[in-house]
Amino acid sequence: MQAVVEHSPTPGASARKGKGAGFLLLSPAVLILLVWSLVPLGMTLWYSLLNYNLVDPTLHGFAGFSNYWYLLTDPDFLHSLLNTFILVGGVLVISVGGGTLLAVLYDQEFFGRGIARVLVISPFFIMPTVSALLWKNLMLHPIYGVYSAMMRAVGLTPIDWLAQFPLLTVMMIVAWEWLPFAVLILLTAVQSLDSEQKEAARMDGAGPVAQFRHIILPHLGRAISVVVMIETIYLLTVFAEISVTTAGGPGVASTNLAYLIYSRALLQFDVGGASAGGVVAIIIANIVAVFLVRSVARNLEV
Amino acid sequence: MAVKTKRSTQIAVTLLGWGIALWLFFPIFWMILTGFKGEVEAVSSPPKLLFMPTLSSYAEVFERASYWHFALNTVVVSVGATVAALLLAIPAAYSMAFMPSKRTRGTLLWMLSTRMLPPVGVLVPIYLLARNTHLLDTRTGLAIVDMLTNLPIIVWMLFTFFREVPAPILEAGRMDGATRWQEMTMVLLPLALPGIASTALLSLILCWNEAFWSLNLTSSNAAPLTAFIASFSSPEGLFFGKLSAASTLAVAPILIFGWISQKQLVRGLTFGAVK
């Protein structure tokens, strides 16, 4: 505490004492994050090696790698792993691709642009359970949903989206939540582009497509990497949207890794098996994180 | 000719801009609208755009005394987690912004990497730890977890904002005999207040909408609005009027917050990488 209250008369002393004070001010946050990231990780690793079921006390003892073996040979696991990648990849493509185009669109001057922008980014602020219920019931319900009514109005048979295309529909709901986020970030980046530069390019006879490819797109690199990083963090663990709409079904058609582990742990009470799944999820996230942190670190001036 | 093309482009841009905006906003608009319908009208086929508005759905949602219970839980957990996170993050960000060392960059990236630990990977131990410490289904327990999940992002954002405060101003204060504590509270905090406010706002939004831990760590006592809304999934979800009224109540405060603060949010969320 001493270093915090003392003030330093000379610059040299300031630097020296600064080190102690800096450490002291930084350490609470670092310590608590260290505990938060290491203790549960250690416990997950340990549980994953045990026979441990919350409702079956006869199952106990060291299991070795049998939980992993059981998990990795389970077709449900491979299916949910694939679903996880499809979900993350699909939403990233929709939100980054669509977000870039919409950012350019909402950069143009037009009547009521400010209000239109506010409407576009609104879905980002809607909580996942609300947006899932909203789409499941009010929009896509095969009998009462607005989309079904529209299809009937033009003479088509309404589709029971969540039953027939569960994963695709969940992907669309999640994309609806995250596209606005991409627009929000990318629009800011497009706006920061020097308007003189755009003007000069137009004077040189560059058409809209050429302007987009050679001036706007290169400028968006950083913003896109920020969007990809933040979205990936959240998309790897999409949970509420699945839990509320399909509960992972039918079968495991819309189960991702997060939902699989949840159902093993809190529905089947299989702590050992769920922990093994958790370890696998952490390993996958770390592989992704290494690439992401590297690319973002390159793009951020720290 | 050129003028004509320009005008038709202008019309196309306007139509496209408004068309897409209305299409993306439509589900929210419809939710707000349905909240003012009676249950019969809410499921009428074809759906009605014009109807006699009624507050009966809202009245029913409020009648379940529980709504306020959930709303209070959300407010207490979000505010508690945000205040706690700021108390930890402000000193840390101050230290990294004004007393950087060789390890600062590494520390920041490491903090960000803890955020990449998927919550589901540690669901089992956190659940068991909460159960064994009697923090399961308590507001304190949920607030602690929310605070920890958001802490890395909050430190990053504050760091970005603090770095924009010119160091000479702080040094001038120190020359005048200000202690570190005075320097932080009386010089830095007022200067960085807008940044701190938008950081707090983002933290509130993230906590308010947090669903994974809310659904898994709470059941009745501490369940926030996310869990309250999830309880409508079936079979109550078929009461579209009530569902819409409750949903509107759950998202309205944060939606308005978001509208007001969108510009500051971008700066914060991109760690200053996008200006």
# chains A, B, ... in the order shown; residues from 1 in each chain; ligands from 1
call {"tool": "residues_around", "arguments": {"residues": "Val187 in chain B", "least_positions_apart": "3", "cutoff": "8 Å", "atoms": "only C-alpha atoms", "output": "MDAnalysis selection string"}}
result
chainID B and resid 169:170 173 182:184 190:191
call {"tool": "write_last_selection", "arguments": {"atoms": "N, CA and C atoms", "output": "PDB file, in the first residue's frame"}}
result
ATOM      1  N   ILE B 169      -0.524  15.512 -18.542  1.00  0.00           N
ATOM      2  CA  ILE B 169      -1.508  16.062 -17.603  1.00  0.00           C
ATOM      3  C   ILE B 169      -1.378  15.394 -16.244  1.00  0.00           C
ATOM      4  N   LEU B 170      -1.230  14.056 -16.283  1.00  0.00           N
ATOM      5  CA  LEU B 170      -1.072  13.338 -15.020  1.00  0.00           C
ATOM      6  C   LEU B 170       0.234  13.738 -14.341  1.00  0.00           C
ATOM      7  N   GLY B 173       0.011  16.939 -12.525  1.00  0.00           N
ATOM      8  CA  GLY B 173      -0.652  16.752 -11.242  1.00  0.00           C
ATOM      9  C   GLY B 173       0.322  16.241 -10.194  1.00  0.00           C
ATOM     10  N   GLN B 182      -4.683  10.315  -5.526  1.00  0.00           N
ATOM     11  CA  GLN B 182      -5.303  11.564  -5.990  1.00  0.00           C
ATOM     12  C   GLN B 182      -5.215  11.680  -7.499  1.00  0.00           C
ATOM     13  N   GLU B 183      -4.077  11.254  -8.034  1.00  0.00           N
ATOM     14  CA  GLU B 183      -3.879  11.323  -9.478  1.00  0.00           C
ATOM     15  C   GLU B 183      -4.943  10.501 -10.191  1.00  0.00           C
ATOM     16  N   MET B 184      -5.218   9.315  -9.646  1.00  0.00           N
ATOM     17  CA  MET B 184      -6.180   8.422 -10.277  1.00  0.00           C
ATOM     18  C   MET B 184      -7.608   8.945 -10.104  1.00  0.00           C
ATOM     19  N   PRO B 190     -11.996  11.910 -13.876  1.00  0.00           N
ATOM     20  CA  PRO B 190     -12.851  12.897 -14.565  1.00  0.00           C
ATOM     21  C   PRO B 190     -12.551  12.985 -16.056  1.00  0.00           C
ATOM     22  N   LEU B 191     -11.261  12.890 -16.420  1.00  0.00           N
ATOM     23  CA  LEU B 191     -10.903  12.997 -17.831  1.00  0.00           C
ATOM     24  C   LEU B 191     -11.403  11.805 -18.635  1.00  0.00           C
TER      25      LEU B 191
END
call {"tool": "residues_around", "arguments": {"residues": "range 193-204 of chain A", "least_positions_apart": "3", "cutoff": "8 Å", "atoms": "only C-alpha atoms", "output": "list of chain:residue names"}}
result
A:Ala189, A:Val190, A:Gly207, A:Gln211, A:Ile215, A:Ile216, A:His219
call {"tool": "write_last_selection", "arguments": {"atoms": "N, CA and C atoms", "output": "PDB file, in the first residue's frame"}}
result
ATOM      1  N   ALA A 189     -15.873   1.686 -39.549  1.00  0.00           N
ATOM      2  CA  ALA A 189     -14.611   1.624 -40.286  1.00  0.00           C
ATOM      3  C   ALA A 189     -14.756   2.269 -41.665  1.00  0.00           C
ATOM      4  N   VAL A 190     -15.861   1.986 -42.355  1.00  0.00           N
ATOM      5  CA  VAL A 190     -16.066   2.564 -43.685  1.00  0.00           C
ATOM      6  C   VAL A 190     -16.130   4.084 -43.593  1.00  0.00           C
ATOM      7  N   GLY A 207     -15.104   2.618 -61.094  1.00  0.00           N
ATOM      8  CA  GLY A 207     -16.522   2.362 -60.869  1.00  0.00           C
ATOM      9  C   GLY A 207     -16.765   1.935 -59.435  1.00  0.00           C
ATOM     10  N   GLN A 211     -13.969   0.627 -56.776  1.00  0.00           N
ATOM     11  CA  GLN A 211     -13.763   1.366 -55.522  1.00  0.00           C
ATOM     12  C   GLN A 211     -13.877   0.430 -54.332  1.00  0.00           C
ATOM     13  N   ILE A 215     -10.327  -0.013 -52.632  1.00  0.00           N
ATOM     14  CA  ILE A 215     -10.178   1.015 -51.600  1.00  0.00           C
ATOM     15  C   ILE A 215     -10.877   0.615 -50.308  1.00  0.00           C
ATOM     16  N   ILE A 216     -12.147   0.248 -50.404  1.00  0.00           N
ATOM     17  CA  ILE A 216     -12.899  -0.019 -49.171  1.00  0.00           C
ATOM     18  C   ILE A 216     -12.457  -1.331 -48.516  1.00  0.00           C
ATOM     19  N   HIS A 219      -9.207  -1.455 -46.617  1.00  0.00           N
ATOM     20  CA  HIS A 219      -9.302  -0.612 -45.431  1.00  0.00           C
ATOM     21  C   HIS A 219     -10.009  -1.331 -44.283  1.00  0.00           C
TER      22      HIS A 219
END
call {"tool": "closest_residue", "arguments": {"among": "B:Ala59, B:Leu15, B:Leu188, B:Val79", "to": "Leu105 in chain A", "atoms": "only C-alpha atoms"}}
result
B:Leu15
call {"tool": "closest_atom_pairs", "arguments": {"of": "range 150-264 of chain A", "to": "range 68-88 of chain A", "cutoff": "6 Å", "atoms": "only C-alpha atoms", "output": "CSV"}}
result
residue,atom,partner,partner_atom,distance
A:Met171,CA,A:Leu87,CA,5.8
A:Leu235,CA,A:Val88,CA,5.5
A:Thr255,CA,A:Ser80,CA,5.3
A:Asn256,CA,A:Ser80,CA,4.4
A:Leu257,CA,A:Ser80,CA,5.3
call {"tool": "closest_residue", "arguments": {"among": "A:Phe212, A:Phe125, A:Trp176, A:Phe23", "to": "Pro253 in chain B", "atoms": "only C-alpha atoms"}}
result
A:Phe125
call {"tool": "closest_residue", "arguments": {"among": "A:Leu59, A:Val93, A:Leu134, A:Leu267", "to": "Val251 in chain B", "atoms": "only C-alpha atoms"}}
result
A:Leu134
call {"tool": "residues_around", "arguments": {"residues": "Val155 in chain B", "least_positions_apart": "5", "cutoff": "8 Å", "atoms": "only C-alpha atoms", "output": "PDB file with all heavy atoms, in the first residue's frame"}}
result
ATOM      1  N   ALA B  89     -10.906  -3.389 -12.505  1.00  0.00           N
ATOM      2  CA  ALA B  89     -10.308  -3.098 -13.809  1.00  0.00           C
ATOM      3  C   ALA B  89      -9.672  -1.712 -13.869  1.00  0.00           C
ATOM      4  O   ALA B  89      -8.674  -1.534 -14.565  1.00  0.00           O
ATOM      5  CB  ALA B  89     -11.367  -3.235 -14.904  1.00  0.00           C
ATOM      6  N   ILE B  90     -10.236  -0.727 -13.152  1.00  0.00           N
ATOM      7  CA  ILE B  90      -9.684   0.630 -13.255  1.00  0.00           C
ATOM      8  C   ILE B  90      -8.223   0.672 -12.782  1.00  0.00           C
ATOM      9  O   ILE B  90      -7.364   1.172 -13.518  1.00  0.00           O
ATOM     10  CB  ILE B  90     -10.571   1.651 -12.502  1.00  0.00           C
ATOM     11  CG1 ILE B  90     -11.872   1.860 -13.291  1.00  0.00           C
ATOM     12  CG2 ILE B  90      -9.855   2.986 -12.341  1.00  0.00           C
ATOM     13  CD1 ILE B  90     -12.886   2.748 -12.600  1.00  0.00           C
ATOM     14  N   ALA B  92      -6.109  -1.761 -12.665  1.00  0.00           N
ATOM     15  CA  ALA B  92      -5.301  -2.578 -13.583  1.00  0.00           C
ATOM     16  C   ALA B  92      -5.038  -1.819 -14.881  1.00  0.00           C
ATOM     17  O   ALA B  92      -3.905  -1.775 -15.373  1.00  0.00           O
ATOM     18  CB  ALA B  92      -6.015  -3.895 -13.870  1.00  0.00           C
ATOM     19  N   ALA B  93      -6.079  -1.191 -15.428  1.00  0.00           N
ATOM     20  CA  ALA B  93      -5.912  -0.467 -16.687  1.00  0.00           C
ATOM     21  C   ALA B  93      -5.031   0.757 -16.492  1.00  0.00           C
ATOM     22  O   ALA B  93      -4.210   1.093 -17.352  1.00  0.00           O
ATOM     23  CB  ALA B  93      -7.281  -0.050 -17.236  1.00  0.00           C
TER      24      ALA B  93
END
call {"tool": "atom_distance", "arguments": {"atom1": "CA of Trp36 in chain A", "atom2": "CA of Pro118 in chain B"}}
result
12.5 Å
call {"tool": "closest_residue", "arguments": {"among": "B:Asn73, B:Ser219, B:Ser247, B:Ser261", "to": "Arg139 in chain B", "atoms": "only C-alpha atoms"}}
result
B:Asn73
call {"tool": "atom_distance", "arguments": {"atom1": "CA of Asp270 in chain A", "atom2": "CA of Ala130 in chain B"}}
result
17.6 Å
call {"tool": "closest_residue", "arguments": {"among": "B:Leu202, B:Leu55, B:Ile254, B:Leu33", "to": "chain A", "atoms": "only C-alpha atoms"}}
result
B:Ile254
call {"tool": "select_by_dssp", "arguments": {"residues": "range 111-208 of chain B", "states": "alpha helix (DSSP H)", "output": "compact mmCIF listing (two decimals) with N, CA, C and O atoms, in the first residue's frame"}}
result
# COMPACT_ATOMS: atom_id res chain seq x y z
N MET B 111 -5.02 -11.94 -20.87
CA MET B 111 -6.36 -11.67 -20.32
C MET B 111 -7.43 -11.97 -21.37
O MET B 111 -8.45 -12.58 -21.07
N LEU B 112 -7.17 -11.51 -22.59
CA LEU B 112 -8.13 -11.74 -23.65
C LEU B 112 -8.30 -13.24 -23.89
O LEU B 112 -9.40 -13.72 -24.14
N SER B 113 -7.19 -13.97 -23.78
CA SER B 113 -7.27 -15.41 -24.06
C SER B 113 -8.09 -16.13 -23.00
O SER B 113 -8.71 -17.15 -23.29
N THR B 114 -8.13 -15.61 -21.75
CA THR B 114 -8.97 -16.28 -20.75
C THR B 114 -10.45 -16.16 -21.14
O THR B 114 -11.26 -16.98 -20.79
N ARG B 115 -10.76 -15.12 -21.91
CA ARG B 115 -12.14 -14.94 -22.36
C ARG B 115 -12.50 -16.00 -23.39
O ARG B 115 -13.67 -16.24 -23.66
N LEU B 123 -18.26 -25.68 -17.21
CA LEU B 123 -19.59 -25.70 -16.62
C LEU B 123 -19.67 -26.61 -15.39
O LEU B 123 -20.17 -26.20 -14.34
N VAL B 124 -19.14 -27.83 -15.52
CA VAL B 124 -19.27 -28.79 -14.43
C VAL B 124 -18.57 -28.30 -13.16
O VAL B 124 -19.21 -28.22 -12.11
N PRO B 125 -17.28 -27.93 -13.22
CA PRO B 125 -16.65 -27.47 -11.97
C PRO B 125 -17.31 -26.21 -11.40
O PRO B 125 -17.47 -26.12 -10.19
N ILE B 126 -17.69 -25.26 -12.25
CA ILE B 126 -18.31 -24.04 -11.72
C ILE B 126 -19.63 -24.38 -11.05
O ILE B 126 -19.95 -23.88 -9.97
N TYR B 127 -20.38 -25.27 -11.68
CA TYR B 127 -21.66 -25.68 -11.09
C TYR B 127 -21.43 -26.33 -9.73
O TYR B 127 -22.09 -26.00 -8.75
N LEU B 128 -20.45 -27.24 -9.68
CA LEU B 128 -20.21 -27.94 -8.41
C LEU B 128 -19.63 -27.00 -7.36
O LEU B 128 -20.01 -27.06 -6.19
N LEU B 129 -18.72 -26.10 -7.78
CA LEU B 129 -18.16 -25.12 -6.83
C LEU B 129 -19.27 -24.24 -6.27
O LEU B 129 -19.33 -23.99 -5.06
N ALA B 130 -20.16 -23.79 -7.14
CA ALA B 130 -21.26 -22.93 -6.69
C ALA B 130 -22.15 -23.70 -5.72
O ALA B 130 -22.59 -23.17 -4.70
N ARG B 131 -22.39 -24.97 -6.05
CA ARG B 131 -23.26 -25.76 -5.18
C ARG B 131 -22.61 -25.95 -3.80
O ARG B 131 -23.26 -25.79 -2.77
N ASN B 132 -21.30 -26.26 -3.80
CA ASN B 132 -20.64 -26.54 -2.54
C ASN B 132 -20.44 -25.29 -1.69
O ASN B 132 -20.29 -25.38 -0.48
N ARG B 139 -27.93 -14.42 -6.22
CA ARG B 139 -27.54 -13.29 -7.06
C ARG B 139 -26.03 -13.06 -6.96
O ARG B 139 -25.39 -12.71 -7.94
N THR B 140 -25.48 -13.26 -5.75
CA THR B 140 -24.04 -13.08 -5.58
C THR B 140 -23.27 -14.01 -6.50
O THR B 140 -22.34 -13.60 -7.19
N GLY B 141 -23.68 -15.28 -6.52
CA GLY B 141 -22.98 -16.26 -7.35
C GLY B 141 -23.00 -15.87 -8.82
O GLY B 141 -21.96 -15.86 -9.48
N LEU B 142 -24.16 -15.52 -9.31
CA LEU B 142 -24.28 -15.16 -10.73
C LEU B 142 -23.50 -13.88 -11.02
O LEU B 142 -22.83 -13.77 -12.06
N ALA B 143 -23.56 -12.92 -10.10
CA ALA B 143 -22.84 -11.65 -10.32
C ALA B 143 -21.34 -11.90 -10.38
O ALA B 143 -20.64 -11.31 -11.21
N ILE B 144 -20.82 -12.79 -9.52
CA ILE B 144 -19.38 -13.09 -9.53
C ILE B 144 -18.99 -13.67 -10.89
O ILE B 144 -18.00 -13.26 -11.50
N VAL B 145 -19.77 -14.64 -11.36
CA VAL B 145 -19.43 -15.28 -12.63
C VAL B 145 -19.53 -14.28 -13.79
O VAL B 145 -18.64 -14.23 -14.65
N ASP B 146 -20.58 -13.47 -13.80
CA ASP B 146 -20.71 -12.45 -14.85
C ASP B 146 -19.54 -11.48 -14.81
O ASP B 146 -19.00 -11.09 -15.85
N MET B 147 -19.16 -11.08 -13.60
CA MET B 147 -18.05 -10.14 -13.44
C MET B 147 -16.78 -10.75 -14.03
O MET B 147 -16.07 -10.10 -14.80
N LEU B 148 -16.52 -12.01 -13.70
CA LEU B 148 -15.29 -12.65 -14.17
C LEU B 148 -15.28 -12.84 -15.68
O LEU B 148 -14.24 -12.67 -16.32
N THR B 149 -16.44 -13.19 -16.27
CA THR B 149 -16.44 -13.38 -17.73
C THR B 149 -16.21 -12.07 -18.46
O THR B 149 -15.62 -12.06 -19.53
N ASN B 150 -16.66 -10.95 -17.88
CA ASN B 150 -16.52 -9.69 -18.60
C ASN B 150 -15.25 -8.93 -18.26
O ASN B 150 -14.87 -8.01 -18.97
N LEU B 151 -14.59 -9.32 -17.16
CA LEU B 151 -13.43 -8.55 -16.70
C LEU B 151 -12.37 -8.33 -17.79
O LEU B 151 -11.91 -7.19 -17.96
N PRO B 152 -11.97 -9.35 -18.56
CA PRO B 152 -10.92 -9.11 -19.56
C PRO B 152 -11.31 -8.03 -20.56
O PRO B 152 -10.51 -7.15 -20.86
N ILE B 153 -12.56 -8.09 -21.04
CA ILE B 153 -12.98 -7.10 -22.03
C ILE B 153 -13.03 -5.70 -21.41
O ILE B 153 -12.65 -4.72 -22.04
N ILE B 154 -13.44 -5.63 -20.15
CA ILE B 154 -13.52 -4.33 -19.47
C ILE B 154 -12.13 -3.73 -19.27
O ILE B 154 -11.91 -2.54 -19.49
N VAL B 155 -11.16 -4.58 -18.87
CA VAL B 155 -9.79 -4.08 -18.71
C VAL B 155 -9.28 -3.53 -20.04
O VAL B 155 -8.71 -2.44 -20.12
N TRP B 156 -9.52 -4.29 -21.11
CA TRP B 156 -9.07 -3.87 -22.44
C TRP B 156 -9.66 -2.53 -22.83
O TRP B 156 -8.96 -1.64 -23.30
N MET B 157 -10.96 -2.40 -22.64
CA MET B 157 -11.62 -1.16 -23.05
C MET B 157 -11.09 0.02 -22.27
O MET B 157 -10.76 1.06 -22.83
N LEU B 158 -10.98 -0.15 -20.94
CA LEU B 158 -10.49 0.95 -20.11
C LEU B 158 -9.06 1.32 -20.49
O LEU B 158 -8.71 2.50 -20.57
N PHE B 159 -8.27 0.29 -20.76
CA PHE B 159 -6.88 0.52 -21.18
C PHE B 159 -6.86 1.40 -22.42
O PHE B 159 -6.12 2.38 -22.51
N THR B 160 -7.73 1.06 -23.38
CA THR B 160 -7.79 1.84 -24.63
C THR B 160 -8.17 3.30 -24.35
O THR B 160 -7.57 4.22 -24.89
N PHE B 161 -9.16 3.48 -23.47
CA PHE B 161 -9.60 4.85 -23.18
C PHE B 161 -8.56 5.62 -22.38
O PHE B 161 -8.32 6.80 -22.64
N PHE B 162 -7.93 4.95 -21.40
CA PHE B 162 -6.94 5.63 -20.57
C PHE B 162 -5.75 6.09 -21.40
O PHE B 162 -5.16 7.13 -21.14
N ARG B 163 -5.39 5.27 -22.40
CA ARG B 163 -4.21 5.61 -23.19
C ARG B 163 -4.41 6.90 -23.97
O ARG B 163 -3.44 7.52 -24.40
N ALA B 167 -0.36 11.69 -20.98
CA ALA B 167 0.40 11.47 -19.75
C ALA B 167 0.89 12.78 -19.12
O ALA B 167 0.95 12.87 -17.88
N PRO B 168 1.28 13.81 -19.91
CA PRO B 168 1.77 15.06 -19.28
C PRO B 168 0.79 15.67 -18.29
O PRO B 168 1.20 16.26 -17.29
N ILE B 169 -0.52 15.51 -18.54
CA ILE B 169 -1.51 16.06 -17.60
C ILE B 169 -1.38 15.39 -16.24
O ILE B 169 -1.39 16.04 -15.20
N LEU B 170 -1.23 14.06 -16.28
CA LEU B 170 -1.07 13.34 -15.02
C LEU B 170 0.23 13.74 -14.34
O LEU B 170 0.30 13.91 -13.13
N GLU B 171 1.29 13.90 -15.15
CA GLU B 171 2.58 14.26 -14.57
C GLU B 171 2.53 15.63 -13.93
O GLU B 171 3.11 15.85 -12.85
N ALA B 172 1.79 16.54 -14.58
CA ALA B 172 1.65 17.88 -14.01
C ALA B 172 1.01 17.80 -12.64
O ALA B 172 1.43 18.47 -11.69
N GLY B 173 0.01 16.94 -12.52
CA GLY B 173 -0.65 16.75 -11.24
C GLY B 173 0.32 16.24 -10.19
O GLY B 173 0.35 16.70 -9.05
N ARG B 174 1.19 15.30 -10.64
CA ARG B 174 2.14 14.72 -9.71
C ARG B 174 3.15 15.78 -9.25
O ARG B 174 3.56 15.80 -8.10
N MET B 175 3.57 16.65 -10.19
CA MET B 175 4.50 17.73 -9.85
C MET B 175 3.91 18.62 -8.76
O MET B 175 4.60 19.11 -7.89
N ARG B 180 -0.57 9.08 -5.89
CA ARG B 180 -1.11 8.21 -6.94
C ARG B 180 -2.62 8.11 -6.84
O ARG B 180 -3.32 8.08 -7.83
N TRP B 181 -3.08 8.01 -5.61
CA TRP B 181 -4.52 7.88 -5.38
C TRP B 181 -5.25 9.12 -5.89
O TRP B 181 -6.24 9.02 -6.61
N GLN B 182 -4.68 10.31 -5.53
CA GLN B 182 -5.30 11.56 -5.99
C GLN B 182 -5.22 11.68 -7.50
O GLN B 182 -6.14 12.14 -8.15
N LEU B 189 -9.80 10.01 -13.54
CA LEU B 189 -11.20 9.59 -13.64
C LEU B 189 -12.11 10.64 -14.27
O LEU B 189 -12.89 10.31 -15.16
N PRO B 190 -12.00 11.91 -13.88
CA PRO B 190 -12.85 12.90 -14.57
C PRO B 190 -12.55 12.98 -16.06
O PRO B 190 -13.46 13.12 -16.86
N LEU B 191 -11.26 12.89 -16.42
CA LEU B 191 -10.90 13.00 -17.83
C LEU B 191 -11.40 11.81 -18.63
O LEU B 191 -11.80 11.94 -19.78
N LEU B 193 -13.94 9.89 -17.88
CA LEU B 193 -15.31 9.53 -17.50
C LEU B 193 -16.17 9.04 -18.67
O LEU B 193 -16.87 8.03 -18.53
N PRO B 194 -16.13 9.69 -19.83
CA PRO B 194 -16.95 9.18 -20.94
C PRO B 194 -16.59 7.74 -21.30
O PRO B 194 -17.46 6.92 -21.54
N GLY B 195 -15.28 7.46 -21.31
CA GLY B 195 -14.82 6.11 -21.62
C GLY B 195 -15.29 5.11 -20.57
O GLY B 195 -15.75 4.02 -20.90
N ILE B 196 -15.17 5.50 -19.32
CA ILE B 196 -15.61 4.60 -18.24
C ILE B 196 -17.11 4.37 -18.34
O ILE B 196 -17.59 3.25 -18.17
N ALA B 197 -17.85 5.43 -18.66
CA ALA B 197 -19.30 5.29 -18.78
C ALA B 197 -19.66 4.32 -19.89
O ALA B 197 -20.51 3.44 -19.70
N SER B 198 -18.99 4.41 -21.04
CA SER B 198 -19.39 3.50 -22.11
C SER B 198 -18.92 2.08 -21.81
O SER B 198 -19.57 1.11 -22.21
N THR B 199 -17.81 1.94 -21.07
CA THR B 199 -17.41 0.60 -20.64
C THR B 199 -18.47 -0.01 -19.72
O THR B 199 -18.86 -1.16 -19.88
N ALA B 200 -18.92 0.79 -18.76
CA ALA B 200 -19.94 0.33 -17.83
C ALA B 200 -21.21 -0.07 -18.59
O ALA B 200 -21.84 -1.08 -18.29
N LEU B 201 -21.54 0.74 -19.59
CA LEU B 201 -22.73 0.48 -20.39
C LEU B 201 -22.63 -0.86 -21.11
O LEU B 201 -23.56 -1.66 -21.12
N LEU B 202 -21.46 -1.10 -21.71
CA LEU B 202 -21.28 -2.37 -22.43
C LEU B 202 -21.39 -3.54 -21.45
O LEU B 202 -22.03 -4.54 -21.73
N SER B 203 -20.77 -3.38 -20.28
CA SER B 203 -20.83 -4.44 -19.28
C SER B 203 -22.27 -4.70 -18.86
O SER B 203 -22.70 -5.86 -18.72
N LEU B 204 -23.05 -3.63 -18.69
CA LEU B 204 -24.46 -3.79 -18.33
C LEU B 204 -25.21 -4.56 -19.42
O LEU B 204 -25.99 -5.47 -19.12
N ILE B 205 -24.96 -4.20 -20.68
CA ILE B 205 -25.65 -4.89 -21.78
C ILE B 205 -25.27 -6.37 -21.79
O ILE B 205 -26.13 -7.24 -21.90
N LEU B 206 -23.96 -6.66 -21.65
CA LEU B 206 -23.52 -8.06 -21.68
C LEU B 206 -24.14 -8.85 -20.53
O LEU B 206 -24.59 -9.98 -20.71
N CYS B 207 -24.16 -8.25 -19.33
CA CYS B 207 -24.74 -8.96 -18.17
C CYS B 207 -26.24 -9.13 -18.34
O CYS B 207 -26.80 -10.18 -18.02
N TRP B 208 -26.89 -8.09 -18.80
CA TRP B 208 -28.35 -8.10 -18.95
C TRP B 208 -28.76 -9.24 -19.88
O TRP B 208 -29.73 -9.95 -19.63
call {"tool": "residues_around", "arguments": {"residues": "Trp68 in chain B", "least_positions_apart": "6", "cutoff": "10 Å", "atoms": "only C-alpha atoms", "output": "ChimeraX atom specification"}}
result
/B:61-62,74,224-225
call {"tool": "closest_residue", "arguments": {"among": "A:Phe269, A:Phe110, A:Trp46, A:Tyr147", "to": "chain B", "atoms": "only C-alpha atoms"}}
result
A:Phe110
call {"tool": "residues_around", "arguments": {"residues": "Ala21 in chain B", "least_positions_apart": "4", "cutoff": "7 Å", "atoms": "only C-alpha atoms", "output": "MDAnalysis selection string"}}
result
(chainID A and resid 116 119:120) or (chainID B and resid 17 25)
call {"tool": "residues_around", "arguments": {"residues": "Val120 in chain B", "least_positions_apart": "2", "cutoff": "7 Å", "atoms": "only C-alpha atoms", "output": "NGL selection string"}}
result
(:A and (237 or 258 or 261 or 278)) or (:B and (118 or 122-123))
call {"tool": "write_last_selection", "arguments": {"atoms": "N, CA and C atoms", "output": "CSV table (one decimal), in the first residue's frame"}}
result
chain,number,residue,atom,x,y,z
A,237,THR,N,-20.0,-21.0,-28.4
A,237,THR,CA,-20.7,-21.5,-27.2
A,237,THR,C,-22.2,-21.1,-27.3
A,258,ALA,N,-21.5,-27.3,-27.1
A,258,ALA,CA,-22.0,-26.7,-25.9
A,258,ALA,C,-23.2,-27.3,-25.4
A,261,ILE,N,-22.5,-31.0,-24.1
A,261,ILE,CA,-21.9,-31.1,-22.8
A,261,ILE,C,-23.0,-30.8,-21.7
A,278,GLY,N,-15.8,-31.1,-22.1
A,278,GLY,CA,-15.4,-29.8,-21.7
A,278,GLY,C,-13.9,-29.6,-22.1
B,118,PRO,N,-14.1,-21.6,-23.3
B,118,PRO,CA,-15.5,-21.7,-23.5
B,118,PRO,C,-16.2,-22.0,-22.2
B,122,VAL,N,-16.0,-25.4,-18.6
B,122,VAL,CA,-15.9,-25.3,-17.2
B,122,VAL,C,-17.2,-25.3,-16.5
B,123,LEU,N,-18.3,-25.7,-17.2
B,123,LEU,CA,-19.6,-25.7,-16.6
B,123,LEU,C,-19.7,-26.6,-15.4
